[in-house]
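For reference, entry_7.cif is printed below; it contains mmCIF, C-alpha atoms.
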data_protein
loop_
_atom_site.label_atom_id
_atom_site.label_comp_id
_atom_site.auth_asym_id
_atom_site.auth_seq_id
_atom_site.Cartn_x
_atom_site.Cartn_y
_atom_site.Cartn_z
CA MET A 1 8.09 2.01 17.23
CA ARG A 2 5.89 4.92 18.32
CA ASN A 3 2.20 5.60 18.82
CA LEU A 4 -0.07 8.62 18.58
CA LEU A 5 -3.79 9.16 19.07
CA TYR A 6 -5.99 10.13 16.13
CA LYS A 7 -9.70 10.55 16.98
CA ASN A 8 -9.10 8.46 20.12
CA THR A 9 -7.64 5.72 17.93
CA THR A 10 -4.08 4.43 18.45
CA ILE A 11 -1.88 4.76 15.35
CA SER A 12 1.44 2.92 15.30
CA TYR A 13 4.41 4.11 13.25
CA THR A 14 8.21 4.10 13.04
CA ASP A 15 10.59 6.98 12.36
CA ASN A 16 14.24 6.33 11.45
CA GLY A 17 17.09 8.21 9.80
CA GLN A 18 17.56 11.80 8.73
CA GLY A 19 17.08 13.78 5.53
CA ASN A 20 14.21 14.02 3.08
CA ALA A 21 11.20 12.04 4.32
CA ILE A 22 9.87 8.87 2.71
CA VAL A 23 6.62 7.37 3.98
CA PHE A 24 6.06 3.65 3.31
CA LEU A 25 2.42 2.51 3.29
CA HIS A 26 1.59 -1.19 3.31
CA GLY A 27 -1.25 -2.94 1.51
CA PHE A 28 -4.37 -4.82 2.59
CA LEU A 29 -3.66 -7.56 5.20
CA GLU A 30 -0.08 -6.28 5.58
CA ASN A 31 1.54 -4.03 8.17
CA LYS A 32 4.55 -1.75 8.57
CA THR A 33 6.93 -4.67 9.33
CA MET A 34 6.86 -5.62 5.62
CA TRP A 35 9.18 -2.65 4.99
CA LYS A 36 11.88 -3.75 7.46
CA ASP A 37 14.56 -4.39 4.80
CA TYR A 38 13.66 -1.18 2.97
CA VAL A 39 13.95 0.85 6.17
CA SER A 40 17.47 -0.43 6.84
CA PHE A 41 18.40 0.13 3.18
CA PHE A 42 17.21 3.75 2.96
CA THR A 43 17.93 5.19 6.42
CA ASP A 44 21.53 6.02 5.47
CA GLN A 45 20.22 8.76 3.18
CA TYR A 46 16.62 9.45 4.13
CA ARG A 47 14.23 9.87 7.02
CA VAL A 48 12.05 6.77 6.70
CA ILE A 49 8.57 6.58 8.22
CA THR A 50 6.38 3.48 8.19
CA ILE A 51 2.75 3.56 9.35
CA ASP A 52 0.27 0.85 10.29
CA LEU A 53 -2.91 1.84 8.45
CA LEU A 54 -6.25 1.71 10.25
CA GLY A 55 -7.17 -1.76 11.51
CA HIS A 56 -3.79 -3.23 10.54
CA GLY A 57 -0.69 -4.11 12.53
CA GLN A 58 -0.75 -2.25 15.82
CA SER A 59 -3.11 0.52 14.72
CA ASP A 60 -6.68 0.29 15.98
CA CYS A 61 -9.89 0.33 13.97
CA LEU A 62 -11.63 3.68 13.58
CA GLY A 63 -15.06 2.47 12.48
CA TYR A 64 -17.00 0.06 10.28
CA ILE A 65 -15.61 1.58 7.07
CA HIS A 66 -12.03 2.74 6.66
CA GLU A 67 -12.17 5.03 3.66
CA MET A 68 -8.94 5.82 1.87
CA GLU A 69 -9.43 9.42 2.98
CA ASP A 70 -9.51 8.27 6.63
CA ASN A 71 -6.11 6.66 6.19
CA ALA A 72 -4.82 9.72 4.33
CA HIS A 73 -5.76 11.88 7.32
CA VAL A 74 -3.86 9.43 9.54
CA VAL A 75 -0.76 9.85 7.38
CA GLN A 76 -1.04 13.63 7.61
CA GLU A 77 -1.51 13.40 11.38
CA VAL A 78 1.75 11.43 11.68
CA LEU A 79 3.63 13.88 9.45
CA ALA A 80 2.29 16.88 11.35
CA HIS A 81 3.27 15.25 14.64
CA LEU A 82 6.79 14.73 13.28
CA LYS A 83 6.84 18.29 11.89
CA ILE A 84 7.39 17.06 8.32
CA GLU A 85 5.95 19.46 5.75
CA LYS A 86 6.73 17.52 2.56
CA ALA A 87 7.36 13.82 1.89
CA THR A 88 7.62 11.18 -0.79
CA ILE A 89 4.73 8.76 -0.35
CA LEU A 90 5.30 5.16 -1.34
CA GLY A 91 2.31 2.80 -1.21
CA HIS A 92 1.88 -0.88 -1.99
CA SER A 93 -1.54 -1.92 -3.33
CA MET A 94 -4.08 -0.43 -0.85
CA GLY A 95 -1.25 1.78 0.41
CA GLY A 96 -1.16 3.25 -3.09
CA TYR A 97 -4.88 4.06 -2.88
CA VAL A 98 -4.14 5.85 0.40
CA GLY A 99 -1.19 7.67 -1.22
CA LEU A 100 -3.46 8.93 -4.00
CA ALA A 101 -6.09 10.08 -1.50
CA PHE A 102 -3.33 11.87 0.43
CA ALA A 103 -2.07 13.54 -2.76
CA GLU A 104 -5.57 14.82 -3.50
CA LEU A 105 -6.23 16.05 0.04
CA TYR A 106 -2.76 17.42 0.80
CA PRO A 107 -1.10 18.28 -2.55
CA ALA A 108 1.36 20.70 -0.95
CA ALA A 109 2.70 17.89 1.25
CA ILE A 110 3.59 15.59 -1.68
CA LYS A 111 7.13 15.59 -3.04
CA LYS A 112 6.90 12.40 -5.10
CA LEU A 113 4.44 9.49 -5.29
CA VAL A 114 5.29 5.82 -5.80
CA LEU A 115 2.51 3.33 -6.57
CA ILE A 116 3.56 -0.30 -6.27
CA ASN A 117 1.14 -2.91 -7.63
CA SER A 118 -1.58 -0.29 -7.37
CA THR A 119 -3.95 1.72 -9.54
CA ALA A 120 -5.51 5.18 -9.61
CA ARG A 121 -8.76 3.76 -10.96
CA GLU A 122 -11.79 2.95 -8.86
CA ASP A 123 -13.08 -0.62 -8.56
CA SER A 124 -15.00 -1.92 -11.56
CA PRO A 125 -18.55 -3.20 -10.87
CA GLU A 126 -17.12 -6.74 -10.97
CA LYS A 127 -14.44 -5.90 -8.41
CA LYS A 128 -16.99 -4.25 -6.14
CA THR A 129 -19.04 -7.45 -6.27
CA ASN A 130 -15.91 -9.44 -5.43
CA ARG A 131 -15.21 -7.18 -2.43
CA SER A 132 -18.74 -7.91 -1.13
CA ARG A 133 -18.14 -11.63 -1.62
CA ALA A 134 -14.84 -11.33 0.24
CA ILE A 135 -16.63 -9.71 3.18
CA LYS A 136 -19.05 -12.66 3.35
CA ALA A 137 -16.18 -15.15 3.01
CA VAL A 138 -14.08 -13.65 5.79
CA LYS A 139 -17.10 -13.62 8.11
CA GLN A 140 -17.68 -17.32 7.42
CA ASN A 141 -14.08 -18.56 7.67
CA TYR A 142 -11.53 -15.97 8.72
CA ILE A 143 -8.43 -18.22 8.64
CA ALA A 144 -9.23 -19.81 5.28
CA PHE A 145 -9.93 -16.41 3.69
CA VAL A 146 -6.69 -14.85 4.93
CA SER A 147 -4.52 -17.85 3.98
CA LEU A 148 -5.93 -18.06 0.47
CA ALA A 149 -5.87 -14.29 -0.05
CA ILE A 150 -2.15 -14.03 0.74
CA ALA A 151 -1.02 -16.96 -1.42
CA ASN A 152 -3.03 -15.64 -4.36
CA LEU A 153 -1.10 -12.36 -4.37
CA PHE A 154 2.07 -14.05 -5.63
CA SER A 155 2.55 -15.11 -9.23
CA GLU A 156 1.77 -18.78 -9.72
CA ASN A 157 5.38 -19.88 -10.31
CA ASN A 158 6.54 -17.99 -7.19
CA ARG A 159 4.21 -19.73 -4.73
CA THR A 160 6.74 -22.51 -4.17
CA LYS A 161 9.82 -20.29 -4.49
CA PHE A 162 8.63 -17.94 -1.73
CA THR A 163 7.07 -20.51 0.63
CA LYS A 164 8.71 -19.03 3.75
CA GLU A 165 7.81 -15.47 2.81
CA ILE A 166 4.21 -16.48 2.12
CA GLU A 167 3.91 -18.20 5.50
CA ARG A 168 5.39 -15.15 7.21
CA ALA A 169 2.95 -12.88 5.38
CA LYS A 170 0.06 -15.13 6.43
CA LEU A 171 1.11 -14.92 10.08
CA HIS A 172 1.15 -11.12 9.91
CA ALA A 173 -2.17 -11.08 8.04
CA LEU A 174 -3.82 -13.28 10.68
CA LYS A 175 -3.08 -10.57 13.26
CA THR A 176 -5.42 -8.26 11.36
CA PRO A 177 -8.74 -8.13 13.27
CA LEU A 178 -11.95 -9.10 11.48
CA GLN A 179 -13.28 -5.55 11.80
CA GLY A 180 -10.08 -4.19 10.22
CA ILE A 181 -10.42 -6.52 7.25
CA ILE A 182 -14.08 -5.73 6.65
CA ALA A 183 -13.62 -1.97 7.14
CA SER A 184 -10.78 -1.93 4.60
CA LEU A 185 -12.70 -4.00 2.04
CA GLU A 186 -15.64 -1.59 2.39
CA GLY A 187 -13.30 1.38 2.05
CA MET A 188 -11.59 0.05 -1.08
CA LYS A 189 -14.96 -0.79 -2.62
CA ILE A 190 -16.18 2.83 -2.42
CA ARG A 191 -12.92 4.61 -3.18
CA LYS A 192 -12.88 7.39 -5.79
CA ASP A 193 -11.30 7.22 -9.21
CA ARG A 194 -8.16 9.38 -9.08
CA GLU A 195 -6.73 8.82 -12.56
CA THR A 196 -6.86 12.58 -13.24
CA LEU A 197 -4.17 13.06 -10.59
CA LEU A 198 -1.75 11.14 -12.81
CA GLN A 199 -2.77 13.09 -15.89
CA LYS A 200 -2.24 16.50 -14.27
CA ASN A 201 1.50 15.82 -13.79
CA LEU A 202 1.52 17.77 -10.52
CA PHE A 203 4.45 15.83 -9.05
CA PRO A 204 6.79 13.01 -10.11
CA VAL A 205 5.04 9.64 -10.12
CA LEU A 206 6.51 6.15 -10.36
CA LEU A 207 4.24 3.19 -11.14
CA VAL A 208 5.69 -0.26 -10.41
CA LEU A 209 3.75 -3.27 -11.74
CA GLY A 210 4.02 -7.03 -12.05
CA LYS A 211 3.24 -8.48 -15.48
CA LYS A 212 1.81 -11.64 -13.85
CA ASP A 213 -0.14 -9.80 -11.17
CA PRO A 214 -3.19 -11.96 -10.28
CA VAL A 215 -5.01 -8.93 -8.83
CA LEU A 216 -4.38 -6.10 -11.33
CA ASN A 217 -4.69 -6.53 -15.06
CA TYR A 218 -1.31 -5.39 -16.32
CA GLU A 219 -2.39 -4.03 -19.73
CA GLU A 220 -5.34 -2.13 -18.27
CA THR A 221 -3.24 -0.64 -15.49
CA ILE A 222 -0.39 0.66 -17.65
CA SER A 223 -2.86 2.49 -19.91
CA GLN A 224 -3.53 5.06 -17.16
CA VAL A 225 0.01 6.45 -17.37
CA GLU A 226 0.06 6.83 -21.15
CA ASP A 227 0.55 10.47 -22.18
CA THR A 228 1.66 11.39 -18.65
CA THR A 229 5.09 12.13 -17.18
CA ALA A 230 4.78 9.14 -14.82
CA GLU A 231 7.60 6.61 -14.92
CA LEU A 232 6.68 2.95 -15.40
CA VAL A 233 8.73 -0.01 -14.20
CA SER A 234 7.50 -3.55 -14.86
CA PHE A 235 8.66 -6.79 -13.28
CA GLU A 236 7.93 -10.29 -14.55
CA ASP A 237 6.20 -11.42 -11.36
CA GLY A 238 3.04 -10.93 -9.29
CA HIS A 239 1.31 -8.51 -6.93
CA MET A 240 3.97 -8.70 -4.22
CA SER A 241 6.82 -6.80 -5.87
CA PRO A 242 8.24 -5.68 -2.47
CA ILE A 243 8.90 -9.39 -1.77
CA GLU A 244 9.07 -11.04 -5.20
CA ASN A 245 11.40 -8.38 -6.62
CA LYS A 246 12.94 -6.96 -3.45
CA GLU A 247 16.49 -6.25 -4.59
CA GLU A 248 15.48 -4.91 -8.00
CA LEU A 249 12.84 -2.70 -6.39
CA LYS A 250 15.39 -1.19 -4.00
CA ILE A 251 17.50 -0.13 -6.98
CA VAL A 252 14.48 1.25 -8.87
CA LEU A 253 13.39 3.27 -5.84
CA SER A 254 16.91 4.57 -5.25
CA HIS A 255 17.06 5.93 -8.80
CA PHE A 256 13.61 7.52 -8.56
CA LEU A 257 14.30 9.11 -5.18
#
Any chance you could put this one into C-alpha coordinates?
Amino acid sequence: MRNLLYKNTTISYTDNGQGNAIVFLHGFLENKTMWKDYVSFFTDQYRVITIDLLGHGQSDCLGYIHEMEDNAHVVQEVLAHLKIEKATILGHSMGGYVGLAFAELYPAAIKKLVLINSTAREDSPEKKTNRSRAIKAVKQNYIAFVSLAIANLFSENNRTKFTKEIERAKLHALKTPLQGIIASLEGMKIRKDRETLLQKNLFPVLLVLGKKDPVLNYEETISQVEDTTAELVSFEDGHMSPIENKEELKIVLSHFL
(Lines of atoms letter the chains of each structure in order from A and count residues from 1; the text may use other names and numbers.)
(Lines give C-alpha, C1' and ligand atoms only; values in the text may rest on other atoms or scores of the structure.)
Protein backbone atom coordinates (compact mmCIF):
# COMPACT_ATOMS: atom_id res chain seq x y z
CA MET A 1 0.00 0.00 0.00
CA ARG A 2 1.26 3.47 -0.92
CA ASN A 3 0.14 7.07 -0.47
CA LEU A 4 0.54 10.30 -2.39
CA LEU A 5 -0.67 13.85 -1.84
CA TYR A 6 -3.19 15.41 -4.21
CA LYS A 7 -4.22 18.99 -3.33
CA ASN A 8 -2.98 18.34 0.23
CA THR A 9 -5.25 15.29 0.39
CA THR A 10 -3.86 11.81 1.08
CA ILE A 11 -4.66 9.27 -1.65
CA SER A 12 -4.08 5.59 -0.93
CA TYR A 13 -3.32 3.07 -3.66
CA THR A 14 -1.58 -0.24 -4.40
CA ASP A 15 0.74 -1.15 -7.27
CA ASN A 16 1.57 -4.80 -8.02
CA GLY A 17 2.93 -6.81 -10.94
CA GLN A 18 4.43 -5.87 -14.27
CA GLY A 19 3.15 -5.39 -17.80
CA ASN A 20 0.23 -3.46 -19.23
CA ALA A 21 -1.52 -1.47 -16.51
CA ILE A 22 -5.02 -2.17 -15.20
CA VAL A 23 -6.61 0.26 -12.75
CA PHE A 24 -9.40 -1.11 -10.54
CA LEU A 25 -11.84 1.48 -9.17
CA HIS A 26 -14.30 0.52 -6.44
CA GLY A 27 -17.88 1.70 -6.02
CA PHE A 28 -19.74 3.80 -3.46
CA LEU A 29 -19.17 2.63 0.16
CA GLU A 30 -16.43 0.25 -1.04
CA ASN A 31 -12.65 0.55 -1.06
CA LYS A 32 -9.64 -0.90 -2.85
CA THR A 33 -9.57 -4.05 -0.66
CA MET A 34 -12.61 -5.38 -2.57
CA TRP A 35 -10.24 -6.19 -5.45
CA LYS A 36 -7.87 -8.35 -3.39
CA ASP A 37 -8.68 -11.61 -5.22
CA TYR A 38 -8.55 -9.87 -8.60
CA VAL A 39 -5.14 -8.38 -7.83
CA SER A 40 -3.66 -11.80 -7.02
CA PHE A 41 -5.35 -13.28 -10.12
CA PHE A 42 -4.07 -10.68 -12.61
CA THR A 43 -0.60 -9.76 -11.32
CA ASP A 44 1.00 -12.71 -13.14
CA GLN A 45 0.35 -10.95 -16.44
CA TYR A 46 -0.41 -7.31 -15.69
CA ARG A 47 0.57 -4.34 -13.59
CA VAL A 48 -2.44 -3.95 -11.30
CA ILE A 49 -3.25 -0.67 -9.56
CA THR A 50 -6.07 -0.21 -7.07
CA ILE A 51 -7.05 3.23 -5.73
CA ASP A 52 -9.16 4.38 -2.79
CA LEU A 53 -11.40 7.06 -4.27
CA LEU A 54 -11.93 10.32 -2.39
CA GLY A 55 -13.46 9.87 1.07
CA HIS A 56 -13.25 6.07 0.88
CA GLY A 57 -10.88 3.54 2.39
CA GLN A 58 -7.68 5.28 3.39
CA SER A 59 -8.04 8.26 1.06
CA ASP A 60 -9.09 11.53 2.67
CA CYS A 61 -12.00 13.77 1.75
CA LEU A 62 -11.26 16.66 -0.59
CA GLY A 63 -14.37 18.77 0.03
CA TYR A 64 -18.13 18.78 0.49
CA ILE A 65 -18.75 17.45 -3.03
CA HIS A 66 -16.61 14.80 -4.69
CA GLU A 67 -17.41 15.19 -8.37
CA MET A 68 -16.57 12.31 -10.68
CA GLU A 69 -14.07 14.65 -12.35
CA ASP A 70 -12.31 15.14 -8.98
CA ASN A 71 -11.83 11.39 -8.70
CA ALA A 72 -10.73 11.19 -12.35
CA HIS A 73 -7.99 13.73 -11.62
CA VAL A 74 -6.93 11.58 -8.65
CA VAL A 75 -6.61 8.56 -10.95
CA GLN A 76 -4.50 10.57 -13.39
CA GLU A 77 -2.33 11.83 -10.53
CA VAL A 78 -1.61 8.23 -9.45
CA LEU A 79 -0.82 7.16 -13.02
CA ALA A 80 1.46 10.14 -13.58
CA HIS A 81 3.24 9.42 -10.29
CA LEU A 82 3.78 5.82 -11.44
CA LYS A 83 4.85 7.03 -14.91
CA ILE A 84 2.05 5.09 -16.62
CA GLU A 85 0.95 6.74 -19.87
CA LYS A 86 -1.87 4.37 -20.85
CA ALA A 87 -4.06 1.99 -18.83
CA THR A 88 -7.19 -0.11 -18.91
CA ILE A 89 -9.67 1.39 -16.45
CA LEU A 90 -12.05 -0.98 -14.71
CA GLY A 91 -14.75 0.54 -12.50
CA HIS A 92 -17.53 -0.94 -10.40
CA SER A 93 -20.69 1.17 -10.07
CA MET A 94 -19.46 4.65 -8.98
CA GLY A 95 -16.00 3.55 -10.09
CA GLY A 96 -17.48 3.23 -13.57
CA TYR A 97 -18.72 6.83 -13.40
CA VAL A 98 -15.17 7.85 -12.49
CA GLY A 99 -13.78 5.73 -15.35
CA LEU A 100 -16.07 7.52 -17.81
CA ALA A 101 -15.05 10.93 -16.46
CA PHE A 102 -11.40 9.87 -16.80
CA ALA A 103 -11.99 8.74 -20.39
CA GLU A 104 -13.50 12.11 -21.24
CA LEU A 105 -10.78 14.14 -19.53
CA TYR A 106 -7.79 11.99 -20.51
CA PRO A 107 -8.74 10.09 -23.71
CA ALA A 108 -5.11 9.49 -24.68
CA ALA A 109 -4.53 7.65 -21.39
CA ILE A 110 -7.33 5.10 -21.96
CA LYS A 111 -6.49 1.72 -23.48
CA LYS A 112 -9.76 -0.05 -22.65
CA LEU A 113 -12.71 0.68 -20.36
CA VAL A 114 -14.67 -1.82 -18.28
CA LEU A 115 -17.94 -0.76 -16.64
CA ILE A 116 -19.24 -3.22 -14.06
CA ASN A 117 -22.80 -2.68 -12.80
CA SER A 118 -22.51 0.89 -14.01
CA THR A 119 -24.02 3.27 -16.56
CA ALA A 120 -22.91 6.14 -18.78
CA ARG A 121 -26.21 7.93 -18.22
CA GLU A 122 -26.76 10.70 -15.70
CA ASP A 123 -29.17 10.27 -12.80
CA SER A 124 -32.84 10.55 -13.68
CA PRO A 125 -34.86 13.19 -11.74
CA GLU A 126 -36.18 10.35 -9.56
CA LYS A 127 -32.68 9.09 -8.79
CA LYS A 128 -31.51 12.60 -7.95
CA THR A 129 -34.37 12.87 -5.48
CA ASN A 130 -33.38 9.51 -4.00
CA ARG A 131 -29.77 10.72 -3.60
CA SER A 132 -31.05 13.73 -1.62
CA ARG A 133 -33.15 11.42 0.54
CA ALA A 134 -30.11 9.21 1.10
CA ILE A 135 -28.12 12.23 2.31
CA LYS A 136 -30.85 13.01 4.87
CA ALA A 137 -31.04 9.35 5.92
CA VAL A 138 -27.31 8.95 6.48
CA LYS A 139 -27.23 12.14 8.55
CA GLN A 140 -30.03 10.79 10.75
CA ASN A 141 -28.78 7.22 11.22
CA TYR A 142 -25.38 6.47 9.74
CA ILE A 143 -25.14 2.79 10.77
CA ALA A 144 -28.68 1.89 9.66
CA PHE A 145 -28.20 3.62 6.29
CA VAL A 146 -24.90 1.87 5.54
CA SER A 147 -26.12 -1.58 6.64
CA LEU A 148 -29.29 -1.37 4.56
CA ALA A 149 -27.51 0.14 1.55
CA ILE A 150 -25.00 -2.72 1.33
CA ALA A 151 -27.52 -5.57 1.70
CA ASN A 152 -29.74 -4.01 -0.96
CA LEU A 153 -26.97 -4.18 -3.57
CA PHE A 154 -27.19 -7.98 -3.76
CA SER A 155 -29.95 -9.79 -5.61
CA GLU A 156 -32.70 -10.91 -3.27
CA ASN A 157 -31.92 -14.64 -3.47
CA ASN A 158 -28.20 -13.98 -2.81
CA ARG A 159 -28.68 -12.14 0.49
CA THR A 160 -28.60 -15.40 2.42
CA LYS A 161 -26.05 -17.12 0.17
CA PHE A 162 -23.49 -14.33 0.64
CA THR A 163 -24.11 -13.55 4.32
CA LYS A 164 -20.39 -13.49 5.21
CA GLU A 165 -19.49 -11.36 2.21
CA ILE A 166 -22.29 -8.91 3.00
CA GLU A 167 -21.14 -8.56 6.60
CA ARG A 168 -17.56 -8.01 5.43
CA ALA A 169 -18.74 -5.37 2.95
CA LYS A 170 -20.71 -3.64 5.72
CA LEU A 171 -17.63 -3.50 7.95
CA HIS A 172 -15.62 -1.87 5.17
CA ALA A 173 -18.48 0.51 4.37
CA LEU A 174 -18.75 1.60 8.00
CA LYS A 175 -15.17 2.85 7.79
CA THR A 176 -16.31 5.41 5.23
CA PRO A 177 -16.60 8.80 6.99
CA LEU A 178 -19.93 10.64 6.93
CA GLN A 179 -18.40 13.46 4.88
CA GLY A 180 -17.11 10.93 2.32
CA ILE A 181 -20.56 9.40 1.94
CA ILE A 182 -22.33 12.73 1.54
CA ALA A 183 -19.69 14.16 -0.82
CA SER A 184 -19.96 11.10 -3.07
CA LEU A 185 -23.77 11.15 -3.10
CA GLU A 186 -23.66 14.84 -4.07
CA GLY A 187 -21.08 14.09 -6.76
CA MET A 188 -23.06 11.23 -8.28
CA LYS A 189 -26.23 13.32 -8.24
CA ILE A 190 -24.69 16.05 -10.43
CA ARG A 191 -22.60 13.87 -12.73
CA LYS A 192 -22.77 14.42 -16.49
CA ASP A 193 -24.37 12.11 -19.02
CA ARG A 194 -21.54 10.43 -20.93
CA GLU A 195 -23.47 8.07 -23.19
CA THR A 196 -21.90 9.70 -26.27
CA LEU A 197 -18.53 8.29 -25.18
CA LEU A 198 -19.88 4.79 -25.77
CA GLN A 199 -21.36 5.74 -29.13
CA LYS A 200 -18.13 7.25 -30.46
CA ASN A 201 -16.33 3.87 -30.25
CA LEU A 202 -13.05 5.57 -29.33
CA PHE A 203 -11.70 2.57 -27.41
CA PRO A 204 -12.82 -0.97 -26.55
CA VAL A 205 -15.57 -1.00 -23.92
CA LEU A 206 -16.94 -3.89 -21.88
CA LEU A 207 -20.22 -3.49 -20.00
CA VAL A 208 -20.94 -6.09 -17.31
CA LEU A 209 -24.45 -6.13 -15.83
CA GLY A 210 -26.62 -8.14 -13.46
CA LYS A 211 -30.10 -9.01 -14.71
CA LYS A 212 -31.47 -8.79 -11.15
CA ASP A 213 -29.62 -5.60 -10.25
CA PRO A 214 -31.73 -3.74 -7.63
CA VAL A 215 -29.98 -0.45 -8.46
CA LEU A 216 -29.77 -0.35 -12.27
CA ASN A 217 -32.66 -1.24 -14.52
CA TYR A 218 -31.20 -3.95 -16.74
CA GLU A 219 -33.25 -3.29 -19.90
CA GLU A 220 -32.68 0.47 -19.74
CA THR A 221 -28.95 0.06 -19.18
CA ILE A 222 -28.27 -2.35 -22.04
CA SER A 223 -29.98 0.01 -24.51
CA GLN A 224 -27.05 2.45 -24.27
CA VAL A 225 -24.66 -0.01 -25.95
CA GLU A 226 -26.96 -0.85 -28.87
CA ASP A 227 -25.38 0.11 -32.20
CA THR A 228 -21.96 0.48 -30.56
CA THR A 229 -18.87 -1.74 -30.60
CA ALA A 230 -19.11 -2.21 -26.81
CA GLU A 231 -19.19 -5.79 -25.56
CA LEU A 232 -22.00 -6.77 -23.19
CA VAL A 233 -21.83 -9.55 -20.61
CA SER A 234 -24.84 -10.27 -18.40
CA PHE A 235 -25.01 -12.31 -15.21
CA GLU A 236 -28.17 -13.59 -13.54
CA ASP A 237 -27.51 -11.80 -10.25
CA GLY A 238 -27.41 -8.35 -8.65
CA HIS A 239 -25.35 -5.17 -8.43
CA MET A 240 -22.33 -6.83 -6.82
CA SER A 241 -20.97 -8.83 -9.75
CA PRO A 242 -17.38 -8.67 -8.39
CA ILE A 243 -18.64 -10.72 -5.41
CA GLU A 244 -21.77 -12.49 -6.68
CA ASN A 245 -20.09 -13.66 -9.90
CA LYS A 246 -16.42 -13.51 -8.93
CA GLU A 247 -15.03 -16.52 -10.77
CA GLU A 248 -17.07 -15.93 -13.93
CA LEU A 249 -16.06 -12.26 -13.94
CA LYS A 250 -12.37 -13.14 -13.72
CA ILE A 251 -12.73 -15.24 -16.88
CA VAL A 252 -14.72 -12.53 -18.68
CA LEU A 253 -12.11 -9.90 -17.81
CA SER A 254 -9.25 -12.18 -18.87
CA HIS A 255 -10.80 -12.61 -22.32
CA PHE A 256 -11.46 -8.88 -22.71
CA LEU A 257 -7.97 -7.88 -21.58
Problem - Picked residues, the PyMOL selection byres ((chain A and resi 201) around 12), expected as a ChimeraX atom specification - result: /A:103,107,112-113,195-200,202-206,225-231
Practice task
Taking the file above as input, evaluate the PyMOL selection byres ((chain A and resi 242) around 9) and report the hits as a PyMOL selection string.
Solution key: chain A and resi 34-35+38+92+116+239-241+243-247+249-250
Residues as selected, C-alpha atoms, written as a CSV table (one decimal), in the frame of the given file, can you do that?
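Final output, saved to part-v8.csv:
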chain,number,residue,atom,x,y,z
A,34,MET,CA,6.9,-5.6,5.6
A,35,TRP,CA,9.2,-2.6,5.0
A,38,TYR,CA,13.7,-1.2,3.0
A,92,HIS,CA,1.9,-0.9,-2.0
A,116,ILE,CA,3.6,-0.3,-6.3
A,239,HIS,CA,1.3,-8.5,-6.9
A,240,MET,CA,4.0,-8.7,-4.2
A,241,SER,CA,6.8,-6.8,-5.9
A,243,ILE,CA,8.9,-9.4,-1.8
A,244,GLU,CA,9.1,-11.0,-5.2
A,245,ASN,CA,11.4,-8.4,-6.6
A,246,LYS,CA,12.9,-7.0,-3.4
A,247,GLU,CA,16.5,-6.2,-4.6
A,249,LEU,CA,12.8,-2.7,-6.4
A,250,LYS,CA,15.4,-1.2,-4.0
Exercise for the section: Run the PyMOL selection byres ((chain A and resi 96) around 10) on the file and write out the hits as JSON, numbers by chain. Expected result: {"A": [24, 25, 26, 27, 68, 89, 90, 91, 92, 93, 94, 95, 97, 98, 99, 100, 101, 102, 113, 114, 115, 116, 117, 118, 119, 120, 207]}
Handout entry: Atom pair atom CA of Ile182 of chain A / atom CA of Tyr64 of chain A: separation (Å)
Key =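 Result for atom CA of Ile182 of chain A versus atom CA of Tyr64 of chain A: 7.4 Å, one decimal.
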Exercise for the section: Could you please determine the separation between atom CA of Ile65 of chain A and atom CA of Tyr13 of chain A in Å, to one decimal place? Expected result: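 Answer for the atom CA of Ile65 of chain A to atom CA of Tyr13 of chain A separation: 21.1 Å.
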Problem - Top pick for closest residue to Ser132 of chain A, considering A:Lys170, A:Lys111, A:Lys189, A:His73 and counting all atoms listed in the file - result: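 Smallest separation from Ser132 of chain A among the options: A:Lys189.
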Handout entry: Counting only C-alpha atoms, the residue of A:Lys139, A:Arg47, A:Arg168, A:Lys7 that sits nearest Gly63 of chain A
Key =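 Among the listed residues, A:Lys7 lies closest to Gly63 of chain A.
Minimum distance to Leu62 of chain A across A:Thr50, A:Asn158, A:Thr163, A:Gln179 (counting only C-alpha atoms) occurs at A:Gln179.
We find atom CA of His56 of chain A and atom CA of Ile190 of chain A to be spaced 18.9 Å apart.
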Handout entry: Which of A:Leu153, A:Leu232, A:Ala183, A:Leu82 sits closest to Leu53 of chain A [using only C-alpha atoms]
Key =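 Checking each of A:Leu153, A:Leu232, A:Ala183, A:Leu82 against Leu53 of chain A, counting only C-alpha atoms, the winner is A:Ala183.
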